[in-house]
$ cat target.csv   # CSV, C-alpha atoms and all ligand atoms
chain,number,residue,atom,x,y,z
J,1,MET,CA,75.6,103.1,82.4
J,2,ILE,CA,76.2,101.1,79.2
J,3,PRO,CA,79.6,99.5,78.7
J,4,ALA,CA,81.8,100.1,75.7
J,5,VAL,CA,81.7,97.3,73.1
J,6,PHE,CA,83.6,94.2,73.9
J,7,ASP,CA,84.0,90.6,72.6
J,8,TYR,CA,83.0,87.7,74.8
J,9,VAL,CA,84.3,84.2,75.0
J,10,ALA,CA,83.4,81.4,77.4
J,11,PRO,CA,86.1,78.7,77.0
J,12,LYS,CA,85.4,75.1,78.2
J,13,THR,CA,88.9,74.3,79.4
J,14,LEU,CA,91.5,76.1,81.4
J,15,ASP,CA,94.0,75.8,78.6
J,16,ASP,CA,91.6,77.6,76.2
J,17,ALA,CA,91.0,80.3,78.7
J,18,LEU,CA,94.8,80.8,79.2
J,19,ARG,CA,95.3,81.0,75.4
J,20,ALA,CA,92.5,83.6,75.1
J,21,LEU,CA,94.0,85.7,77.8
J,22,THR,CA,97.5,85.4,76.4
J,23,ASP,CA,96.3,86.3,72.9
J,24,GLY,CA,94.2,89.1,74.2
J,25,GLY,CA,97.1,90.6,76.2
J,26,GLU,CA,96.3,93.8,78.1
J,27,ASP,CA,92.9,94.1,76.3
J,28,ALA,CA,91.6,90.9,77.8
J,29,LYS,CA,89.9,90.6,81.2
J,30,ILE,CA,88.6,87.6,83.2
J,31,LEU,CA,84.9,87.5,84.0
J,32,ALA,CA,83.8,85.5,87.1
J,33,GLY,CA,80.7,86.7,89.0
J,34,GLY,CA,80.8,90.1,87.4
J,35,GLN,CA,79.8,91.8,90.7
J,36,SER,CA,82.9,94.1,90.7
J,37,LEU,CA,83.8,94.0,87.0
J,38,LEU,CA,80.4,94.8,85.5
J,39,PRO,CA,79.9,98.1,87.5
J,40,LEU,CA,83.4,99.1,86.3
J,41,LEU,CA,82.5,98.4,82.7
J,42,LYS,CA,79.2,100.3,83.0
J,43,LEU,CA,80.9,103.3,84.5
J,44,ARG,CA,83.6,102.9,81.8
J,45,LEU,CA,86.3,102.8,84.4
J,46,ALA,CA,87.5,99.7,82.6
J,47,ASN,CA,87.2,99.2,78.9
J,48,PRO,CA,88.6,95.7,78.0
J,49,LYS,CA,88.2,94.6,74.4
J,50,LEU,CA,87.7,90.9,75.4
J,51,LEU,CA,86.0,89.3,78.3
J,52,VAL,CA,87.0,85.7,79.1
J,53,ASP,CA,84.2,84.1,81.1
J,54,LEU,CA,85.4,81.3,83.4
J,55,LYS,CA,82.0,79.9,84.3
J,56,LYS,CA,81.9,77.1,81.7
J,57,ILE,CA,85.3,75.5,82.8
J,58,PRO,CA,84.5,72.4,84.8
J,59,GLY,CA,86.3,71.9,88.1
J,60,LEU,CA,86.8,75.6,89.0
J,61,ALA,CA,83.9,75.7,91.5
J,62,GLY,CA,83.2,73.6,94.5
J,63,ILE,CA,84.5,72.7,98.0
J,64,ARG,CA,86.3,69.5,98.8
J,65,GLN,CA,88.5,68.1,101.6
J,66,GLU,CA,91.9,66.7,100.8
J,67,GLY,CA,93.5,65.3,104.0
J,68,ASN,CA,93.8,68.1,106.5
J,69,ARG,CA,93.1,70.8,103.9
J,70,LEU,CA,89.9,72.3,102.4
J,71,VAL,CA,90.1,73.2,98.8
J,72,ILE,CA,87.8,75.9,97.4
J,73,GLY,CA,87.5,76.4,93.7
J,74,ALA,CA,88.0,80.1,92.7
J,75,LEU,CA,84.6,80.1,91.0
J,76,THR,CA,82.8,79.0,94.1
J,77,THR,CA,80.2,81.7,95.0
J,78,HIS,CA,79.9,83.4,98.4
J,79,PHE,CA,76.5,81.7,98.8
J,80,GLU,CA,77.9,78.2,98.0
J,81,ILE,CA,80.5,78.7,100.8
J,82,GLU,CA,77.9,80.2,103.2
J,83,SER,CA,75.6,77.2,102.7
J,84,SER,CA,78.2,74.5,102.6
J,85,ALA,CA,77.9,72.0,105.4
J,86,LEU,CA,81.5,70.9,104.8
J,87,ALA,CA,82.8,74.4,105.1
J,88,ARG,CA,80.7,75.0,108.2
J,89,HIS,CA,82.0,71.9,110.0
J,90,LYS,CA,85.6,72.0,108.8
J,91,CYS,CA,86.4,75.7,108.7
J,92,PRO,CA,83.6,77.7,110.2
J,93,LEU,CA,85.4,81.0,109.6
J,94,LEU,CA,84.5,80.6,105.9
J,95,SER,CA,80.8,80.4,106.5
J,96,GLU,CA,80.8,83.3,108.9
J,97,THR,CA,82.8,85.5,106.5
J,98,ALA,CA,80.6,84.6,103.4
J,99,ARG,CA,77.5,85.5,105.4
J,100,ALA,CA,78.9,89.0,106.0
J,101,ILE,CA,79.3,89.9,102.3
J,102,GLY,CA,76.9,92.3,100.7
J,103,ASP,CA,73.4,91.1,100.0
J,104,VAL,CA,71.9,87.8,98.7
J,105,GLN,CA,72.1,88.8,95.0
J,106,VAL,CA,75.8,89.7,95.4
J,107,ARG,CA,76.5,86.4,97.3
J,108,ASN,CA,74.6,84.4,94.7
J,109,ARG,CA,76.8,85.7,91.8
J,110,GLY,CA,80.1,86.8,93.4
J,111,THR,CA,83.0,84.4,93.7
J,112,ILE,CA,85.8,84.0,96.2
J,113,GLY,CA,88.4,84.1,93.4
J,114,GLY,CA,86.9,87.3,92.0
J,115,SER,CA,86.9,89.0,95.3
J,116,LEU,CA,90.5,88.0,96.1
J,117,THR,CA,91.8,89.0,92.7
J,118,HIS,CA,89.8,92.3,92.7
J,119,ALA,CA,91.6,93.1,96.0
J,120,ASP,CA,89.2,95.8,97.2
J,121,PRO,CA,90.8,97.1,100.4
J,122,ALA,CA,87.4,96.8,102.1
J,123,ALA,CA,86.6,93.3,100.9
J,124,ASP,CA,85.8,90.6,103.5
J,125,TRP,CA,87.6,87.5,102.1
J,126,PRO,CA,91.1,88.8,102.4
J,127,ALA,CA,90.8,89.1,106.2
J,128,ALA,CA,89.7,85.4,106.5
J,129,ILE,CA,92.3,84.0,104.1
J,130,LEU,CA,95.1,85.9,105.8
J,131,ALA,CA,93.9,84.7,109.3
J,132,LEU,CA,93.8,81.1,108.0
J,133,ALA,CA,97.2,81.4,106.3
J,134,ALA,CA,95.6,80.1,103.1
J,135,GLU,CA,97.6,79.1,99.9
J,136,LEU,CA,96.4,80.3,96.5
J,137,LYS,CA,96.9,78.3,93.3
J,138,LEU,CA,97.5,80.2,90.1
J,139,ALA,CA,97.5,78.8,86.6
J,140,GLY,CA,99.4,80.6,83.9
J,141,PRO,CA,100.9,80.2,80.4
J,142,LYS,CA,104.1,78.8,82.1
J,143,GLY,CA,102.3,76.4,84.3
J,144,GLU,CA,101.0,76.4,87.9
J,145,ARG,CA,102.4,78.1,91.0
J,146,TRP,CA,101.3,78.5,94.7
J,147,LEU,CA,101.4,81.7,96.7
J,148,ASP,CA,100.9,82.3,100.4
J,149,ALA,CA,98.0,84.6,101.1
J,150,GLY,CA,100.5,86.9,102.9
J,151,ASP,CA,102.3,87.4,99.6
J,152,PHE,CA,99.2,88.0,97.4
J,153,PHE,CA,97.9,91.5,98.3
J,154,LEU,CA,100.2,94.3,97.2
J,155,GLY,CA,98.0,97.4,97.4
J,156,PRO,CA,94.5,98.7,96.6
J,157,MET,CA,93.2,96.6,93.7
J,158,THR,CA,96.6,95.2,93.2
J,159,THR,CA,97.9,91.6,93.7
J,160,SER,CA,100.9,89.5,92.7
J,161,ILE,CA,98.8,87.8,90.0
J,162,GLU,CA,100.6,88.2,86.7
J,163,ALA,CA,99.1,88.9,83.2
J,164,ALA,CA,97.2,85.9,81.8
J,165,GLU,CA,97.2,84.1,85.1
J,166,ILE,CA,94.0,82.6,86.6
J,167,LEU,CA,93.4,82.0,90.3
J,168,THR,CA,92.1,78.5,90.4
J,169,GLU,CA,92.0,77.3,94.0
J,170,VAL,CA,92.2,78.4,97.6
J,171,ARG,CA,93.6,75.9,100.1
J,172,LEU,CA,93.0,76.2,103.8
J,173,PRO,CA,93.7,74.2,107.0
J,174,VAL,CA,90.8,72.1,108.4
J,175,PHE,CA,89.9,73.0,112.0
J,176,SER,CA,91.0,70.7,114.8
J,177,THR,CA,89.2,70.1,118.2
J,178,ARG,CA,90.9,73.0,120.0
J,179,SER,CA,90.4,75.6,117.3
J,180,GLY,CA,88.2,78.6,117.3
J,181,SER,CA,87.5,81.5,114.9
J,182,ALA,CA,85.4,84.6,114.5
J,183,TYR,CA,84.8,87.4,112.0
J,184,GLN,CA,83.7,90.8,113.3
J,185,LYS,CA,83.1,93.8,111.1
J,186,MET,CA,81.6,97.3,111.0
J,187,ALA,CA,79.8,97.2,107.6
J,188,GLN,CA,79.2,100.2,105.4
J,189,GLN,CA,75.4,100.2,105.4
J,190,ALA,CA,74.7,100.8,101.7
J,191,SER,CA,77.0,98.1,100.3
J,192,GLY,CA,78.0,95.9,103.2
J,193,PHE,CA,81.7,96.4,102.5
J,194,ALA,CA,83.9,96.5,105.6
J,195,ILE,CA,84.7,99.9,107.1
J,196,VAL,CA,86.9,97.6,109.3
J,197,GLY,CA,86.8,93.8,109.5
J,198,VAL,CA,88.9,91.5,111.7
J,199,ALA,CA,89.1,87.7,111.2
J,200,VAL,CA,90.7,85.5,113.9
J,201,SER,CA,91.6,81.9,113.7
J,202,LEU,CA,93.3,80.4,116.8
J,203,LYS,CA,94.2,77.1,118.5
J,204,VAL,CA,94.7,76.5,122.2
J,205,ASP,CA,96.5,73.7,124.0
J,206,ARG,CA,94.9,71.5,126.6
J,207,ASN,CA,95.7,74.1,129.3
J,208,GLY,CA,94.0,76.9,127.3
J,209,ARG,CA,97.2,78.5,126.1
J,210,CYS,CA,97.3,80.0,122.7
J,211,GLU,CA,99.3,77.6,120.6
J,212,ASP,CA,98.9,79.4,117.3
J,213,MET,CA,96.8,82.2,115.8
J,214,GLY,CA,96.2,84.3,112.7
J,215,ILE,CA,94.5,87.7,112.7
J,216,GLY,CA,93.6,89.2,109.3
J,217,VAL,CA,92.4,92.8,109.1
J,218,THR,CA,90.6,94.5,106.2
J,219,GLY,CA,89.3,98.0,105.6
J,220,LEU,CA,91.9,99.7,107.9
J,221,GLY,CA,94.8,100.2,105.5
J,222,GLU,CA,95.3,100.3,101.8
J,223,LYS,CA,95.7,96.5,101.7
J,224,PRO,CA,94.6,93.8,104.1
J,225,PHE,CA,97.3,92.6,106.5
J,226,ARG,CA,98.1,90.2,109.4
J,227,ALA,CA,98.1,92.0,112.8
J,228,GLU,CA,101.4,90.4,113.8
J,229,ALA,CA,102.0,92.7,116.9
J,230,VAL,CA,98.7,91.3,118.4
J,231,GLU,CA,99.4,87.7,117.4
J,232,GLN,CA,102.9,87.9,119.1
J,233,ARG,CA,101.4,89.2,122.4
J,234,LEU,CA,98.9,86.3,122.5
J,235,ARG,CA,100.9,83.4,121.3
J,236,GLY,CA,102.0,81.1,124.1
J,237,ASN,CA,99.8,82.8,126.7
J,238,LYS,CA,96.5,81.9,128.4
J,239,LEU,CA,93.8,84.0,126.7
J,240,THR,CA,92.4,85.9,129.7
J,241,ALA,CA,90.0,88.7,129.2
J,242,LYS,CA,92.6,91.2,130.4
J,243,LEU,CA,95.3,90.0,128.1
J,244,ILE,CA,92.9,90.0,125.1
J,245,GLU,CA,91.9,93.6,125.8
J,246,GLU,CA,95.5,94.8,126.2
J,247,ALA,CA,96.8,92.8,123.2
J,248,SER,CA,94.2,94.1,120.8
J,249,PHE,CA,95.4,97.7,121.3
J,250,PRO,CA,98.3,97.6,118.8
J,251,VAL,CA,96.2,96.2,115.9
J,252,ALA,CA,96.9,99.2,113.8
J,253,GLU,CA,100.7,99.3,114.5
J,254,GLY,CA,102.7,100.3,111.4
J,255,ILE,CA,99.6,100.9,109.3
J,256,GLU,CA,98.6,104.1,107.6
J,257,PRO,CA,94.8,104.1,108.3
J,258,LEU,CA,92.5,105.0,105.4
J,259,GLU,CA,90.3,108.0,105.7
J,260,ASP,CA,87.2,108.5,103.5
J,261,LEU,CA,83.6,109.7,103.6
J,262,HIS,CA,82.7,106.6,105.6
J,263,ALA,CA,85.2,106.9,108.5
J,264,ALA,CA,88.0,109.2,109.7
J,265,ALA,CA,91.4,107.6,110.2
J,266,ASP,CA,91.3,107.7,114.0
J,267,TYR,CA,87.8,106.2,114.1
J,268,ARG,CA,89.0,103.4,111.8
J,269,VAL,CA,91.8,102.6,114.3
J,270,HIS,CA,89.3,102.7,117.2
J,271,LEU,CA,87.0,100.3,115.2
J,272,ALA,CA,90.0,98.0,114.5
J,273,ARG,CA,90.8,97.7,118.2
J,274,VAL,CA,87.2,97.1,119.2
J,275,HIS,CA,86.6,94.5,116.5
J,276,ALA,CA,90.0,92.8,117.2
J,277,HIS,CA,89.1,92.5,120.8
J,278,ARG,CA,85.6,91.1,120.1
J,279,ALA,CA,86.8,88.7,117.4
J,280,ILE,CA,89.7,87.3,119.6
J,281,GLN,CA,87.3,86.9,122.6
J,282,GLU,CA,84.7,85.1,120.5
J,283,ALA,CA,87.3,82.8,118.8
J,284,ALA,CA,88.8,82.0,122.3
J,285,LYS,CA,85.4,81.2,123.6
J,286,ARG,CA,84.6,78.9,120.7
J,287,ALA,CA,88.0,77.2,121.0
J,288,ALA,CA,87.4,76.6,124.7
J,289,GLY,CA,84.1,75.0,123.8
J,290,ARG,CA,86.0,72.5,121.5
J,291,VAL,CA,88.6,71.5,124.1
J,292,ARG,CA,88.5,67.7,124.6
L,1,LIG,C1,76.2,96.0,95.8
L,1,LIG,C2,77.5,95.2,96.1
L,1,LIG,C3,77.8,95.0,97.4
L,1,LIG,C4,79.0,94.3,97.7
L,1,LIG,N1,79.3,94.1,99.0
L,1,LIG,C5,80.5,93.4,99.4
L,1,LIG,C6,80.8,93.2,100.7
L,1,LIG,O1,80.1,93.5,101.7
L,1,LIG,N2,82.0,92.6,101.0
L,1,LIG,C7,82.8,92.1,100.0
L,1,LIG,O2,83.9,91.6,100.3
L,1,LIG,N3,82.5,92.3,98.7
L,1,LIG,C8,81.3,93.0,98.4
L,1,LIG,N4,81.0,93.2,97.0
L,1,LIG,C9,81.9,92.6,96.0
L,1,LIG,C10,81.6,91.2,95.7
L,1,LIG,O3,82.0,90.4,96.7
L,1,LIG,C11,82.2,90.6,94.4
L,1,LIG,O4,81.6,89.4,94.2
L,1,LIG,C12,83.7,90.4,94.3
L,1,LIG,O5,84.4,91.6,94.7
L,1,LIG,C13,84.1,90.1,92.9
L,1,LIG,O6,83.8,88.8,92.6
L,1,LIG,P1,83.2,88.4,91.2
L,1,LIG,O7,83.2,86.9,91.1
L,1,LIG,O8,81.9,89.1,91.0
L,1,LIG,O9,84.4,88.9,90.2
L,1,LIG,P2,84.3,89.8,88.8
L,1,LIG,O10,83.5,91.0,89.1
L,1,LIG,O11,83.8,88.9,87.7
L,1,LIG,O12,85.8,90.1,88.7
L,1,LIG,C14,86.5,91.0,89.5
L,1,LIG,C15,88.0,91.1,89.1
L,1,LIG,O13,88.7,89.9,89.4
L,1,LIG,C16,89.2,89.3,88.1
L,1,LIG,N5,89.0,87.9,88.3
L,1,LIG,C17,87.8,87.3,88.6
L,1,LIG,N6,88.0,86.0,88.8
L,1,LIG,C18,89.4,85.7,88.6
L,1,LIG,C19,90.2,84.5,88.7
L,1,LIG,N7,89.7,83.3,89.1
L,1,LIG,N8,91.5,84.7,88.4
L,1,LIG,C20,92.0,85.9,88.1
L,1,LIG,N9,91.3,87.0,88.0
L,1,LIG,C21,90.0,86.9,88.3
L,1,LIG,C22,88.4,90.0,87.0
L,1,LIG,O14,89.1,90.0,85.8
L,1,LIG,C23,88.1,91.3,87.6
L,1,LIG,O15,89.3,92.2,87.4
L,1,LIG,C24,79.9,93.8,96.7
L,1,LIG,C25,79.5,94.1,95.3
L,1,LIG,C26,78.3,94.7,95.0
L,1,LIG,C27,78.0,95.0,93.6
$ encode --input "target.csv" --output "structure tokens" --more "lines below"
Ligand SMILES: Cc1cc2nc3c(=O)[nH]c(=O)nc-3n(C[C@H](O)[C@H](O)[C@H](O)COP(=O)(O)OP(=O)(O)OC[C@H]3O[C@@H](n4cnc5c(N)ncnc54)[C@H](O)[C@@H]3O)c2cc1C
Amino acid sequence: MIPAVFDYVAPKTLDDALRALTDGGEDAKILAGGQSLLPLLKLRLANPKLLVDLKKIPGLAGIRQEGNRLVIGALTTHFEIESSALARHKCPLLSETARAIGDVQVRNRGTIGGSLTHADPAADWPAAILALAAELKLAGPKGERWLDAGDFFLGPMTTSIEAAEILTEVRLPVFSTRSGSAYQKMAQQASGFAIVGVAVSLKVDRNGRCEDMGIGVTGLGEKPFRAEAVEQRLRGNKLTAKLIEEASFPVAEGIEPLEDLHAAADYRVHLARVHAHRAIQEAAKRAAGRVR
């Protein structure tokens, strides 16, 4: 349980961090909250020669509103998001998802950027940021670029982030009066990770028809995904109890369900249907409560 020897730097600017990562090449690794990386180092499943700690770089943490977008710094902890009044009022799915992560120690140290880039197939944030159609800002040696959340996750522990790139910001839409959202998950009891988690963000028109929606699913497949088959069945329709129940059924369409000691594949599919149903129902109820 003791990591191999490594060097440690804590640069004070993004440029210095990018330089350290570029110079370190494959032997360098970013350190954020350390909640996923440190266990890997202790088990010697990762043996980087250099850790580049981002915590001393100003401006990488915090939540702010820019027009109709919320901007969350990659170094913002799960607890900061959970307890942010701005997040709760402007994008309540964030607070609800943050609250569902691990335990209070993990939420105090772990960051949204670390969770997204670590890309554990059972992590909670990916479901929410897919449902919200978030955009991710990456800084690299060649400058900045933006990625849609849907293009970020490639597979288990694999994302489109390139060597020496740093995730710096997550940008999300601010909720409007006729929006509703919900996150429902079956948690693995020891860690809190999702056996299956479903995040829903939707908007209804004045007549209660679903104008737009996003459904993000985590834990079911080898990477998180948008349940497009369900979204298509609901979009443009009145969200009746019967339609929600029927539409939730194909949530696993086209997905090879994971199977492990926590849940068999067919049980995971069952959980995905149940939690999609509950999350859509709850989001629709909340949206109806915000119709003006
Ligand atoms: C006991 C326990 C229970 C947990 N339960 C849950 C749970 O219920 N749900 C859940 O979703 N998660 C859970 N987690 C994981 C937790 O959310 C971590 O905080 C998260 O996965 C990693 O975030 P971090 O900031 O700690 O990243 P780190 O551990 O520091 O880094 C993780 C990886 O991301 C890279 N990285 C970090 N930040 C950046 C960045 N800005 N740009 C590019 N690369 C970066 C690192 O190089 C590393 O490869 C749990 C962890 C523990 C230890």
$ closest_atom_pairs --input "target.csv" --of "region 183-204 of chain J" --to "region 276-282 of chain J" --cutoff "10 Å" --atoms "all atoms listed in the file" --output "JSON lines"
{"residue": "J:Tyr183", "atom": "CA", "partner": "J:Ala279", "partner_atom": "CA", "distance": 5.9}
{"residue": "J:Gln184", "atom": "CA", "partner": "J:Ala279", "partner_atom": "CA", "distance": 5.6}
{"residue": "J:Lys185", "atom": "CA", "partner": "J:Ala279", "partner_atom": "CA", "distance": 8.9}
{"residue": "J:Val196", "atom": "CA", "partner": "J:Ala276", "partner_atom": "CA", "distance": 9.7}
{"residue": "J:Gly197", "atom": "CA", "partner": "J:Ala276", "partner_atom": "CA", "distance": 8.4}
{"residue": "J:Val198", "atom": "CA", "partner": "J:Ala276", "partner_atom": "CA", "distance": 5.8}
{"residue": "J:Ala199", "atom": "CA", "partner": "J:Ala279", "partner_atom": "CA", "distance": 6.7}
{"residue": "J:Val200", "atom": "CA", "partner": "J:Ile280", "partner_atom": "CA", "distance": 6.1}
{"residue": "J:Ser201", "atom": "CA", "partner": "J:Ile280", "partner_atom": "CA", "distance": 8.2}
{"residue": "J:Leu202", "atom": "CA", "partner": "J:Ile280", "partner_atom": "CA", "distance": 8.3}
$ residues_near_ligand --input "target.csv" --ligand "ligand LIG 1 (chain L)" --cutoff "7 Å" --atoms "only C-alpha atoms and all ligand atoms" --output "VMD selection string"
chain J and resid 29 to 38 74 to 75 100 to 103 106 to 107 109 to 115 117 to 118 120 122 to 125 165 to 168 187 191 to 194
$ closest_residue --input "target.csv" --among "J:Ile255, J:Ala287, J:Ala127, J:Ala263" --to "Ile215 (chain J)" --atoms "all atoms listed in the file"
J:Ala127
$ residues_around --input "target.csv" --residues "region 21-23 of chain J" --least-positions-apart "3" --cutoff "12 Å" --atoms "only C-alpha atoms" --output "MDAnalysis selection string"
chainID J and resid 8:11 14:18 26:31 48:54 139:142 162:166
$ closest_residue --input "target.csv" --among "J:Gln188, J:Ala20, J:Ala131, J:Leu172" --to "Arg64 (chain J)" --atoms "all atoms listed in the file"
J:Leu172
